[in-house]
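Next comes my_file09.tsv, a file with TSV, C-alpha atoms.
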```
chain	number	residue	atom	x	y	z
A	1	MET	CA	21.32	-25.80	-30.78
A	2	ARG	CA	17.54	-26.12	-30.86
A	3	LYS	CA	15.35	-23.08	-30.53
A	4	GLY	CA	11.64	-22.72	-29.91
A	5	LEU	CA	9.11	-22.50	-27.12
A	6	GLY	CA	10.88	-25.07	-24.96
A	7	HIS	CA	14.16	-23.16	-25.20
A	8	LEU	CA	12.30	-19.93	-24.33
A	9	LEU	CA	10.74	-21.53	-21.26
A	10	LEU	CA	14.16	-22.70	-20.11
A	11	ARG	CA	15.45	-19.15	-20.50
A	12	VAL	CA	12.46	-17.85	-18.54
A	13	ALA	CA	13.31	-20.33	-15.77
A	14	ASN	CA	16.87	-18.92	-15.80
A	15	VAL	CA	18.66	-22.23	-16.40
A	16	ASN	CA	21.44	-23.11	-18.81
A	17	PRO	CA	19.90	-25.08	-21.70
A	18	ARG	CA	23.25	-26.80	-22.36
A	19	SER	CA	23.16	-28.44	-18.95
A	20	VAL	CA	19.54	-29.62	-19.23
A	21	THR	CA	20.26	-33.01	-20.75
A	22	THR	CA	17.55	-35.30	-19.36
A	23	HIS	CA	13.88	-35.41	-20.27
A	24	SER	CA	12.75	-35.07	-16.65
A	25	ASP	CA	14.82	-31.91	-16.18
A	26	ARG	CA	13.45	-30.41	-19.40
A	27	VAL	CA	9.88	-31.07	-18.25
A	28	LEU	CA	10.66	-29.71	-14.79
A	29	TYR	CA	12.24	-26.44	-15.84
A	30	ARG	CA	9.77	-25.84	-18.65
A	31	SER	CA	6.99	-26.26	-16.09
A	32	ILE	CA	8.76	-23.75	-13.87
A	33	GLY	CA	8.95	-21.36	-16.83
A	34	VAL	CA	5.20	-21.78	-17.42
A	35	PHE	CA	4.46	-21.06	-13.75
A	36	ILE	CA	6.67	-17.97	-13.85
A	37	LEU	CA	4.82	-16.65	-16.91
A	38	LEU	CA	1.44	-17.37	-15.28
A	39	TYR	CA	2.56	-15.63	-12.14
A	40	PHE	CA	3.72	-12.64	-14.17
A	41	VAL	CA	0.20	-12.28	-15.58
A	42	TYR	CA	-1.35	-12.81	-12.14
A	43	ALA	CA	0.98	-10.30	-10.44
A	44	THR	CA	0.35	-7.75	-13.21
A	45	VAL	CA	-3.43	-7.99	-12.86
A	46	GLY	CA	-3.24	-8.15	-9.06
A	47	GLY	CA	-0.95	-5.12	-8.80
A	48	ALA	CA	-3.22	-3.15	-11.13
A	49	ALA	CA	-6.26	-4.22	-9.09
A	50	PHE	CA	-4.53	-3.09	-5.89
A	51	ILE	CA	-3.83	0.37	-7.34
A	52	ASP	CA	-7.41	0.53	-8.63
A	53	ALA	CA	-8.82	-0.41	-5.21
A	54	SER	CA	-6.52	2.09	-3.49
A	55	SER	CA	-7.81	4.88	-5.74
A	56	GLY	CA	-11.45	4.09	-4.97
A	57	TYR	CA	-11.98	2.21	-8.25
A	58	ALA	CA	-11.23	5.32	-10.30
A	59	HIS	CA	-9.37	3.15	-12.85
A	60	PRO	CA	-6.21	5.31	-13.05
A	61	TRP	CA	-4.06	4.83	-16.12
A	62	TYR	CA	-0.90	4.23	-14.10
A	63	GLN	CA	-2.29	1.01	-12.61
A	64	TRP	CA	-1.04	-0.78	-15.74
A	65	VAL	CA	2.42	0.68	-15.14
A	66	VAL	CA	2.72	-0.30	-11.47
A	67	GLY	CA	1.30	-3.79	-12.04
A	68	PRO	CA	4.01	-4.94	-14.49
A	69	LEU	CA	6.74	-3.39	-12.35
A	70	VAL	CA	5.59	-5.39	-9.33
A	71	ALA	CA	5.37	-8.53	-11.45
A	72	ILE	CA	8.86	-7.99	-12.88
A	73	GLY	CA	10.30	-7.62	-9.37
A	74	VAL	CA	8.77	-10.84	-8.08
A	75	VAL	CA	9.61	-12.77	-11.24
A	76	ALA	CA	13.22	-11.56	-10.97
A	77	TYR	CA	13.34	-12.98	-7.43
A	78	ASP	CA	11.91	-16.29	-8.62
A	79	ARG	CA	14.36	-16.54	-11.52
A	80	ALA	CA	17.26	-15.80	-9.17
A	81	VAL	CA	16.17	-18.58	-6.80
A	82	VAL	CA	15.41	-21.11	-9.56
A	83	GLY	CA	18.63	-20.47	-11.45
A	84	ARG	CA	20.80	-20.61	-8.33
A	85	VAL	CA	22.74	-23.84	-7.75
A	86	THR	CA	24.27	-24.25	-4.28
A	87	ILE	CA	27.68	-25.56	-5.35
A	88	SER	CA	30.17	-26.80	-2.78
A	89	TYR	CA	33.75	-25.69	-3.43
A	90	GLU	CA	35.25	-27.92	-0.78
A	91	ARG	CA	37.21	-31.07	-1.73
A	92	LEU	CA	37.50	-30.03	-5.35
A	93	ASP	CA	39.61	-33.09	-6.10
A	94	SER	CA	36.81	-35.42	-4.90
A	95	SER	CA	34.57	-37.19	-7.42
A	96	ASP	CA	31.94	-38.17	-4.83
A	97	PRO	CA	28.49	-36.80	-5.87
A	98	ARG	CA	27.76	-35.99	-2.24
A	99	HIS	CA	30.46	-33.33	-2.35
A	100	LEU	CA	28.97	-31.51	-5.37
A	101	LEU	CA	26.24	-29.47	-3.64
A	102	ARG	CA	25.93	-27.61	-0.39
A	103	PRO	CA	22.84	-27.88	1.84
A	104	PRO	CA	20.01	-25.60	0.66
A	105	THR	CA	19.68	-22.12	2.10
A	106	LEU	CA	16.38	-22.43	3.94
A	107	GLY	CA	16.28	-18.71	4.71
A	108	LEU	CA	15.99	-18.00	0.99
A	109	TYR	CA	12.94	-20.23	0.64
A	110	ALA	CA	11.42	-18.97	3.90
A	111	GLY	CA	11.78	-15.42	2.64
A	112	ARG	CA	10.10	-16.37	-0.62
A	113	LEU	CA	7.24	-18.04	1.27
A	114	SER	CA	6.79	-14.90	3.37
A	115	LEU	CA	6.79	-12.84	0.20
A	116	ALA	CA	4.17	-15.17	-1.27
A	117	LEU	CA	1.91	-14.75	1.75
A	118	LEU	CA	2.39	-10.99	1.60
A	119	PHE	CA	1.47	-10.90	-2.05
A	120	ALA	CA	-1.49	-13.15	-1.36
A	121	VAL	CA	-2.79	-10.46	0.98
A	122	VAL	CA	-1.84	-7.47	-1.16
A	123	ILE	CA	-2.71	-8.87	-4.60
A	124	THR	CA	-5.28	-11.62	-4.01
A	125	GLU	CA	-7.39	-9.44	-1.73
A	126	PRO	CA	-8.14	-6.74	-4.38
A	127	LEU	CA	-9.08	-9.46	-6.86
A	128	MET	CA	-11.50	-10.99	-4.38
A	129	LEU	CA	-12.89	-7.55	-3.54
A	130	ALA	CA	-13.58	-7.02	-7.23
A	131	ARG	CA	-15.19	-10.47	-7.43
A	132	TYR	CA	-17.64	-9.71	-4.56
A	133	ARG	CA	-18.05	-6.03	-5.30
A	134	GLY	CA	-21.87	-6.15	-5.40
A	135	GLU	CA	-22.20	-7.88	-2.03
A	136	ILE	CA	-19.62	-5.54	-0.51
A	137	GLU	CA	-21.45	-2.45	-1.83
A	138	ALA	CA	-24.72	-3.69	-0.31
A	139	HIS	CA	-23.08	-4.35	3.05
A	140	LEU	CA	-21.36	-0.96	3.03
A	141	ALA	CA	-24.70	0.71	2.20
A	142	ARG	CA	-26.26	-0.86	5.31
A	143	VAL	CA	-23.28	0.09	7.44
A	144	HIS	CA	-23.29	3.66	6.14
A	145	SER	CA	-27.04	3.96	6.78
A	146	GLU	CA	-26.54	2.84	10.38
A	147	GLN	CA	-23.66	5.26	10.81
A	148	LEU	CA	-25.71	8.15	9.44
A	149	SER	CA	-28.56	7.23	11.79
A	150	ASP	CA	-26.15	7.21	14.72
A	151	LEU	CA	-24.78	10.60	13.69
A	152	ASP	CA	-28.32	11.99	13.37
A	153	THR	CA	-29.28	10.77	16.84
A	154	GLY	CA	-26.17	12.21	18.42
A	155	GLY	CA	-23.77	15.04	17.90
A	156	ALA	CA	-24.46	18.42	16.33
A	157	VAL	CA	-27.38	17.22	14.21
A	158	ALA	CA	-29.20	15.99	17.32
A	159	GLY	CA	-28.76	19.39	19.00
A	160	TYR	CA	-29.98	21.21	15.92
A	161	MET	CA	-32.96	18.88	15.64
A	162	ALA	CA	-33.86	19.36	19.32
A	163	ARG	CA	-33.74	23.14	18.96
A	164	LEU	CA	-35.76	22.96	15.75
A	165	ALA	CA	-38.36	20.84	17.54
A	166	GLU	CA	-38.59	23.45	20.32
A	167	LEU	CA	-39.11	26.21	17.77
A	168	ARG	CA	-41.77	24.18	16.04
A	169	LYS	CA	-43.50	23.59	19.36
A	170	GLU	CA	-43.50	27.32	20.06
A	171	THR	CA	-44.91	28.02	16.60
A	172	ALA	CA	-47.53	25.32	17.11
A	173	ALA	CA	-48.45	26.84	20.48
A	174	ASP	CA	-48.91	30.25	18.87
A	175	ASP	CA	-50.97	28.70	16.09
A	176	THR	CA	-53.05	26.85	18.68
A	177	ALA	CA	-53.75	30.07	20.59
A	178	VAL	CA	-54.85	31.88	17.43
A	179	ARG	CA	-56.81	28.89	16.22
A	180	ARG	CA	-58.58	28.63	19.55
A	181	LEU	CA	-59.83	32.22	19.21
A	182	VAL	CA	-60.75	31.71	15.58
A	183	ASP	CA	-62.58	28.48	16.42
A	184	ARG	CA	-64.48	30.18	19.21
A	185	ALA	CA	-65.42	33.03	16.85
A	186	ALA	CA	-66.54	30.52	14.22
A	187	GLN	CA	-68.57	28.62	16.82
A	188	LYS	CA	-70.27	31.79	18.00
A	189	ARG	CA	-71.08	32.74	14.40
A	190	GLU	CA	-72.47	29.28	13.86
A	191	ASP	CA	-74.59	29.61	17.00
A	192	ALA	CA	-75.71	33.06	15.87
A	193	ARG	CA	-76.81	31.66	12.47
A	194	LEU	CA	-78.64	28.84	14.20
A	195	MET	CA	-80.49	31.25	16.51
A	196	TYR	CA	-81.30	33.53	13.63
A	197	ARG	CA	-82.80	30.63	11.68
A	198	GLN	CA	-84.80	29.67	14.76
A	199	ALA	CA	-86.01	33.26	14.99
A	200	LEU	CA	-87.08	33.18	11.35
A	201	ASP	CA	-88.90	29.92	11.89
A	202	ASP	CA	-90.63	31.30	14.99
A	203	SER	CA	-91.67	34.48	13.16
A	204	ALA	CA	-93.19	32.30	10.45
A	205	GLY	CA	-95.18	30.32	13.00
A	206	ARG	CA	-93.04	27.23	12.74
A	207	GLY	CA	-91.16	27.85	15.97
A	208	VAL	CA	-91.74	27.18	19.63
A	209	THR	CA	-94.51	29.77	20.13
A	210	ARG	CA	-96.45	28.76	17.02
A	211	SER	CA	-97.43	32.37	16.55
A	212	PRO	CA	-96.36	34.37	13.53
A	213	GLY	CA	-94.58	37.69	13.83
A	214	CYS	CA	-91.69	38.86	15.96
A	215	PRO	CA	-93.05	41.19	18.67
A	216	ARG	CA	-90.62	43.11	20.86
A	217	ASP	CA	-89.59	41.27	24.00
A	218	GLY	CA	-91.00	38.11	22.49
A	219	TYR	CA	-89.22	34.84	21.99
A	220	CYS	CA	-88.35	35.64	18.37
A	221	HIS	CA	-86.98	39.03	19.38
A	222	GLN	CA	-84.84	37.42	22.09
A	223	LEU	CA	-83.43	34.96	19.56
A	224	VAL	CA	-82.51	37.79	17.22
A	225	SER	CA	-80.89	39.73	20.07
A	226	ARG	CA	-78.89	36.73	21.18
A	227	SER	CA	-77.85	36.10	17.54
A	228	ARG	CA	-76.58	39.65	17.26
A	229	THR	CA	-74.79	39.35	20.58
A	230	LEU	CA	-73.07	36.21	19.40
A	231	ASP	CA	-72.06	37.97	16.17
A	232	ASP	CA	-70.57	40.78	18.19
A	233	GLN	CA	-68.69	38.32	20.37
A	234	ALA	CA	-67.40	36.56	17.24
A	235	VAL	CA	-66.18	39.87	15.85
A	236	ARG	CA	-64.36	40.62	19.11
A	237	LEU	CA	-62.77	37.15	19.11
A	238	GLU	CA	-61.62	37.64	15.51
A	239	ARG	CA	-60.16	40.99	16.44
A	240	GLN	CA	-58.39	39.35	19.39
A	241	ALA	CA	-57.05	36.66	17.06
A	242	ALA	CA	-55.83	39.34	14.61
A	243	ALA	CA	-54.24	41.32	17.44
A	244	LEU	CA	-52.59	38.12	18.75
A	245	GLN	CA	-51.23	37.36	15.31
A	246	GLN	CA	-49.91	40.90	15.10
A	247	ASP	CA	-48.19	40.48	18.44
A	248	GLN	CA	-46.74	37.11	17.37
A	249	ARG	CA	-45.41	38.42	14.05
A	250	GLU	CA	-42.01	39.49	15.37
A	251	SER	CA	-41.43	36.31	17.34
A	252	ARG	CA	-42.67	34.23	14.43
A	253	ALA	CA	-40.24	35.98	12.08
A	254	ALA	CA	-37.37	35.37	14.52
A	255	ARG	CA	-38.32	31.74	14.87
A	256	ALA	CA	-38.65	31.35	11.09
A	257	GLY	CA	-35.17	32.82	10.58
A	258	GLU	CA	-33.70	30.57	13.24
A	259	GLN	CA	-35.47	27.57	11.74
A	260	ALA	CA	-34.04	28.41	8.31
A	261	ARG	CA	-30.56	28.72	9.77
A	262	LEU	CA	-30.95	25.47	11.69
A	263	THR	CA	-32.24	23.73	8.58
A	264	ASP	CA	-29.20	24.93	6.61
A	265	ARG	CA	-26.86	23.79	9.38
A	266	ILE	CA	-28.56	20.41	9.55
A	267	SER	CA	-28.29	20.03	5.78
A	268	ALA	CA	-24.61	21.04	5.83
A	269	GLU	CA	-23.88	18.74	8.77
A	270	ARG	CA	-25.65	15.84	7.13
A	271	ALA	CA	-23.82	16.46	3.87
A	272	ALA	CA	-20.52	16.51	5.76
A	273	ASN	CA	-21.45	13.36	7.65
A	274	ALA	CA	-22.52	11.66	4.43
A	275	GLU	CA	-19.23	12.62	2.79
A	276	VAL	CA	-17.24	11.28	5.72
A	277	VAL	CA	-19.27	8.10	5.97
A	278	HIS	CA	-19.29	7.38	2.26
A	279	GLY	CA	-15.59	8.22	2.19
A	280	ASP	CA	-15.09	5.23	4.47
A	281	SER	CA	-15.29	2.93	1.47
A	282	GLY	CA	-11.62	2.36	0.85
A	283	PHE	CA	-9.52	-0.76	0.86
A	284	GLY	CA	-9.73	-1.23	4.64
A	285	ALA	CA	-13.51	-0.84	4.80
A	286	ARG	CA	-14.00	-3.20	1.86
A	287	THR	CA	-11.66	-5.73	3.43
A	288	ALA	CA	-13.63	-5.56	6.68
A	289	ALA	CA	-16.85	-6.01	4.70
A	290	MET	CA	-15.29	-8.98	2.91
A	291	TRP	CA	-14.39	-10.65	6.20
A	292	HIS	CA	-17.89	-9.91	7.50
A	293	LEU	CA	-19.30	-11.75	4.51
A	294	ILE	CA	-16.91	-14.63	5.14
A	295	ARG	CA	-17.94	-14.91	8.80
A	296	THR	CA	-21.65	-14.64	8.12
A	297	ASP	CA	-21.67	-16.91	5.06
A	298	PHE	CA	-18.62	-19.12	5.40
A	299	TRP	CA	-19.87	-22.02	3.28
A	300	GLY	CA	-21.04	-19.72	0.52
A	301	VAL	CA	-18.37	-17.03	0.43
A	302	GLY	CA	-15.64	-18.12	2.84
A	303	VAL	CA	-14.87	-21.47	1.24
A	304	PHE	CA	-14.67	-19.96	-2.21
A	305	TYR	CA	-12.55	-17.07	-0.94
A	306	LEU	CA	-10.09	-19.31	0.90
A	307	GLY	CA	-9.94	-21.70	-2.06
A	308	ILE	CA	-9.03	-18.92	-4.47
A	309	ALA	CA	-6.53	-17.47	-2.00
A	310	LEU	CA	-4.82	-20.86	-1.54
A	311	LEU	CA	-4.79	-21.37	-5.29
A	312	MET	CA	-3.07	-18.01	-5.77
A	313	VAL	CA	-0.54	-18.82	-3.04
A	314	ALA	CA	0.13	-22.20	-4.67
A	315	LEU	CA	0.64	-20.47	-8.02
A	316	ASP	CA	2.94	-18.02	-6.32
A	317	CYS	CA	5.05	-20.74	-4.68
A	318	ALA	CA	4.90	-23.32	-7.47
A	319	ALA	CA	8.18	-22.36	-9.13
A	320	ILE	CA	10.10	-22.21	-5.85
A	321	GLY	CA	8.45	-25.41	-4.61
A	322	LEU	CA	9.47	-27.33	-7.73
A	323	LYS	CA	12.98	-25.96	-7.36
A	324	LEU	CA	13.17	-27.08	-3.72
A	325	VAL	CA	11.87	-30.61	-4.25
A	326	SER	CA	14.08	-31.17	-7.31
A	327	ARG	CA	17.32	-30.35	-5.54
A	328	GLY	CA	20.23	-32.54	-6.63
A	329	ASN	CA	18.86	-33.40	-10.07
A	330	ALA	CA	21.02	-34.01	-13.12
A	331	TYR	CA	21.03	-30.34	-14.11
A	332	GLU	CA	22.35	-29.15	-10.76
A	333	ARG	CA	24.99	-31.89	-10.66
A	334	ALA	CA	26.12	-31.02	-14.19
A	335	GLU	CA	26.34	-27.33	-13.31
A	336	ALA	CA	28.19	-28.22	-10.10
A	337	ARG	CA	30.69	-30.40	-11.96
A	338	VAL	CA	31.42	-27.70	-14.49
A	339	ALA	CA	31.78	-25.04	-11.82
A	340	ARG	CA	33.91	-27.24	-9.57
A	341	LEU	CA	36.13	-28.24	-12.54
A	342	ARG	CA	36.57	-24.59	-13.46
A	343	GLU	CA	37.34	-23.74	-9.86
A	344	HIS	CA	39.75	-26.68	-9.57
A	345	GLU	CA	41.58	-25.59	-12.71
A	346	ALA	CA	41.74	-22.06	-11.42
A	347	SER	CA	43.08	-23.30	-8.09
A	348	LEU	CA	45.76	-25.39	-9.80
A	349	MET	CA	46.73	-22.49	-12.03
A	350	HIS	CA	46.86	-20.27	-8.98
A	351	GLU	CA	49.09	-22.76	-7.16
A	352	ARG	CA	51.34	-23.03	-10.24
A	353	GLU	CA	51.57	-19.28	-10.47
A	354	ILE	CA	52.46	-19.11	-6.78
A	355	HIS	CA	55.15	-21.83	-7.28
A	356	ASP	CA	56.56	-20.03	-10.32
A	357	ALA	CA	56.56	-16.77	-8.44
A	358	ARG	CA	58.42	-18.37	-5.56
A	359	THR	CA	60.99	-19.99	-7.95
A	360	TYR	CA	61.44	-16.70	-9.77
A	361	GLY	CA	61.83	-14.93	-6.46
A	362	GLU	CA	64.46	-17.41	-5.26
A	363	ALA	CA	66.40	-17.12	-8.53
A	364	THR	CA	66.18	-13.37	-8.40
A	365	ALA	CA	67.35	-13.37	-4.81
A	366	LYS	CA	70.29	-15.62	-5.73
A	367	VAL	CA	71.28	-13.39	-8.63
A	368	ILE	CA	71.04	-10.35	-6.45
A	369	ALA	CA	73.13	-12.04	-3.74
A	370	ASP	CA	75.79	-13.04	-6.30
A	371	GLY	CA	75.82	-9.53	-7.66
A	372	ILE	CA	76.20	-8.08	-4.21
A	373	GLU	CA	79.08	-10.50	-3.48
A	374	ALA	CA	80.79	-9.66	-6.78
A	375	ALA	CA	80.29	-6.00	-6.15
A	376	ALA	CA	81.83	-6.41	-2.69
A	377	HIS	CA	84.81	-8.28	-4.22
A	378	ASP	CA	85.23	-5.59	-6.85
A	379	GLY	CA	85.13	-3.01	-4.10
A	380	ARG	CA	87.99	-4.72	-2.27
A	381	LEU	CA	90.01	-4.88	-5.51
A	382	ALA	CA	89.31	-1.22	-6.11
A	383	ARG	CA	90.43	-0.31	-2.61
A	384	ALA	CA	93.65	-2.42	-2.97
A	385	ALA	CA	94.41	-0.80	-6.32
A	386	THR	CA	93.78	2.60	-4.83
A	387	ASP	CA	96.12	1.89	-1.96
A	388	ARG	CA	98.82	0.62	-4.37
A	389	ALA	CA	98.45	3.67	-6.54
A	390	ARG	CA	98.65	5.90	-3.52
A	391	HIS	CA	101.91	4.26	-2.47
A	392	VAL	CA	103.39	4.51	-5.95
A	393	LEU	CA	102.38	8.13	-6.23
A	394	HIS	CA	103.82	8.84	-2.82
A	395	ASP	CA	107.12	7.22	-3.75
A	396	ALA	CA	107.21	9.17	-7.01
A	397	VAL	CA	106.43	12.55	-5.60
A	398	VAL	CA	107.88	12.59	-2.11
A	399	VAL	CA	111.89	12.78	-2.12
A	400	ASP	CA	114.10	11.79	0.74
A	401	PRO	CA	115.84	14.92	2.26
A	402	ALA	CA	119.18	13.12	2.39
A	403	ARG	CA	119.18	12.76	-1.35
A	404	ILE	CA	118.31	16.45	-1.84
A	405	GLU	CA	121.46	17.68	0.16
A	406	ARG	CA	123.92	15.66	-1.91
A	407	PRO	CA	124.76	17.26	-5.29
A	408	ILE	CA	123.95	15.41	-8.36
A	409	PRO	CA	127.02	14.09	-10.21
A	410	ARG	CA	128.08	16.15	-13.22
A	411	HIS	CA	128.17	13.22	-15.55
A	412	ARG	CA	124.51	12.59	-14.77
A	413	ILE	CA	123.77	16.18	-15.56
A	414	ASN	CA	125.53	16.04	-18.88
A	415	VAL	CA	123.81	12.97	-19.75
```

Can I see the file as structure tokens?
Amino acid sequence: MRKGLGHLLLRVANVNPRSVTTHSDRVLYRSIGVFILLYFVYATVGGAAFIDASSGYAHPWYQWVVGPLVAIGVVAYDRAVVGRVTISYERLDSSDPRHLLRPPTLGLYAGRLSLALLFAVVITEPLMLARYRGEIEAHLARVHSEQLSDLDTGGAVAGYMARLAELRKETAADDTAVRRLVDRAAQKREDARLMYRQALDDSAGRGVTRSPGCPRDGYCHQLVSRSRTLDDQAVRLERQAAALQQDQRESRAARAGEQARLTDRISAERAANAEVVHGDSGFGARTAAMWHLIRTDFWGVGVFYLGIALLMVALDCAAIGLKLVSRGNAYERAEARVARLREHEASLMHEREIHDARTYGEATAKVIADGIEAAAHDGRLARAATDRARHVLHDAVVVDPARIERPIPRHRINV
């Protein structure tokens, strides 16, 4: 028997190489074997990609354990369907080819098609997510930014921010009150310096009076007095500002502590929100992002996505499809003939065994009946012999009383 790659492909397709006698059947089942091997590779990579996507692309080592197990399970199903021949065991004595095979079990193929669609979703989807990972990450970044903005404008962060704004307004109001006093003091000092310079100019003869000197109650003296008054007012305003700051110190400290606490709470809340939002990057979120890309850019992403998905489904169903369309080929008829011949021989042997058992039973019954009849006859003979012996014994033992009363003759005694 020939060995080699062709024989291996036939074994992978789960067919009997002895029954594959035609060239078309060899090509068919070797093609099915090739599709099964390709699907094994595809299911292995797809199962590993699904585990990887489920773990958040952490690349766990066990993804290459689960992937082959999934592939082995599906390939085992395919081999069972491909290698199955629906043989009809009715009319075993008929040589009509129409009586060799039963109608196909459509439920088996429908189940395999459903399994193919399921695997197209479970396995093809992670592969496509990996293919468009960059676009998906960008879309998720925009979505997460919008979600964080929504959380900041509402919820606990919004309350904290409103309270923090109120505290800042109160601090700004206190600062404004102090600054107003300080500005007034600075303005009065500036006015005092201006008046003092005017007084110096007037005393030098360059002022309004055009007379040198600074006589008492003169214009120069008035300017100096007003300058000193303004300096005194500025000092009082500065003292008021200092006293106001002293009064505000306790409230400022309280507000600063509350602001620090609010800032910590806002940071903690934002960190928690960011963790929750960025945690929404699993398989479901990526799938939703993928469908968003398909809807928004169908001719760029959607066509390619659907084309790859249909190609994977076609690869998944190729082996079963070839099996379905090739029903009734030479291989299946040869397998059906061999199986029907074996079943016919077994049926004939079974009928012969039943006939022999019946003949043996009848002979045994006849022998037993003859034995019972002979035993019954022997029983009657035994009873007759017993009765005869009983009579003889009775005659020998029991003596008539009349004979006992008469004496026995002497000559008989002497004898």

Give me, as a ChimeraX atom specification, all polymer residues having an atom no more than 12 Å from Ala185 in chain A, counting all atoms listed in the file and skipping those fewer than 3 positions away in the same chain. /A:178-182,188-192,229-242

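If all atoms listed in the file are the atoms counted, then among A:Phe298, A:Tyr196, A:Tyr160, A:Phe40 the closest residue to Glu269 in chain A is A:Tyr160.
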
For His144 in chain A, which of A:Ser326, A:Gln248, A:Ser281, A:Ser31 is the closest residue, counting all atoms listed in the file?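 For His144 in chain A, the nearest of the given residues is A:Ser281.
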
Nearest to Leu100 in chain A among A:Arg30, A:Arg11, A:Arg327, A:Arg228, with distances taken over all atoms listed in the file: which residue is it?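 Looking only at the distances to Leu100 in chain A, the closest residue turns out to be A:Arg327.
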
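Interatomic distance, CA of Gly67 in chain A against CA of Met128 in chain A: 16.6 Å.
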
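Here CA of Cys317 in chain A is placed at a distance of 6.6 Å from CA of Ala116 in chain A.
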
I'd like the interatomic distance between CA of Arg91 in chain A and CA of Val338 in chain A, to a tenth of an Å.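 That distance, rounded to one decimal, is 14.4 Å.
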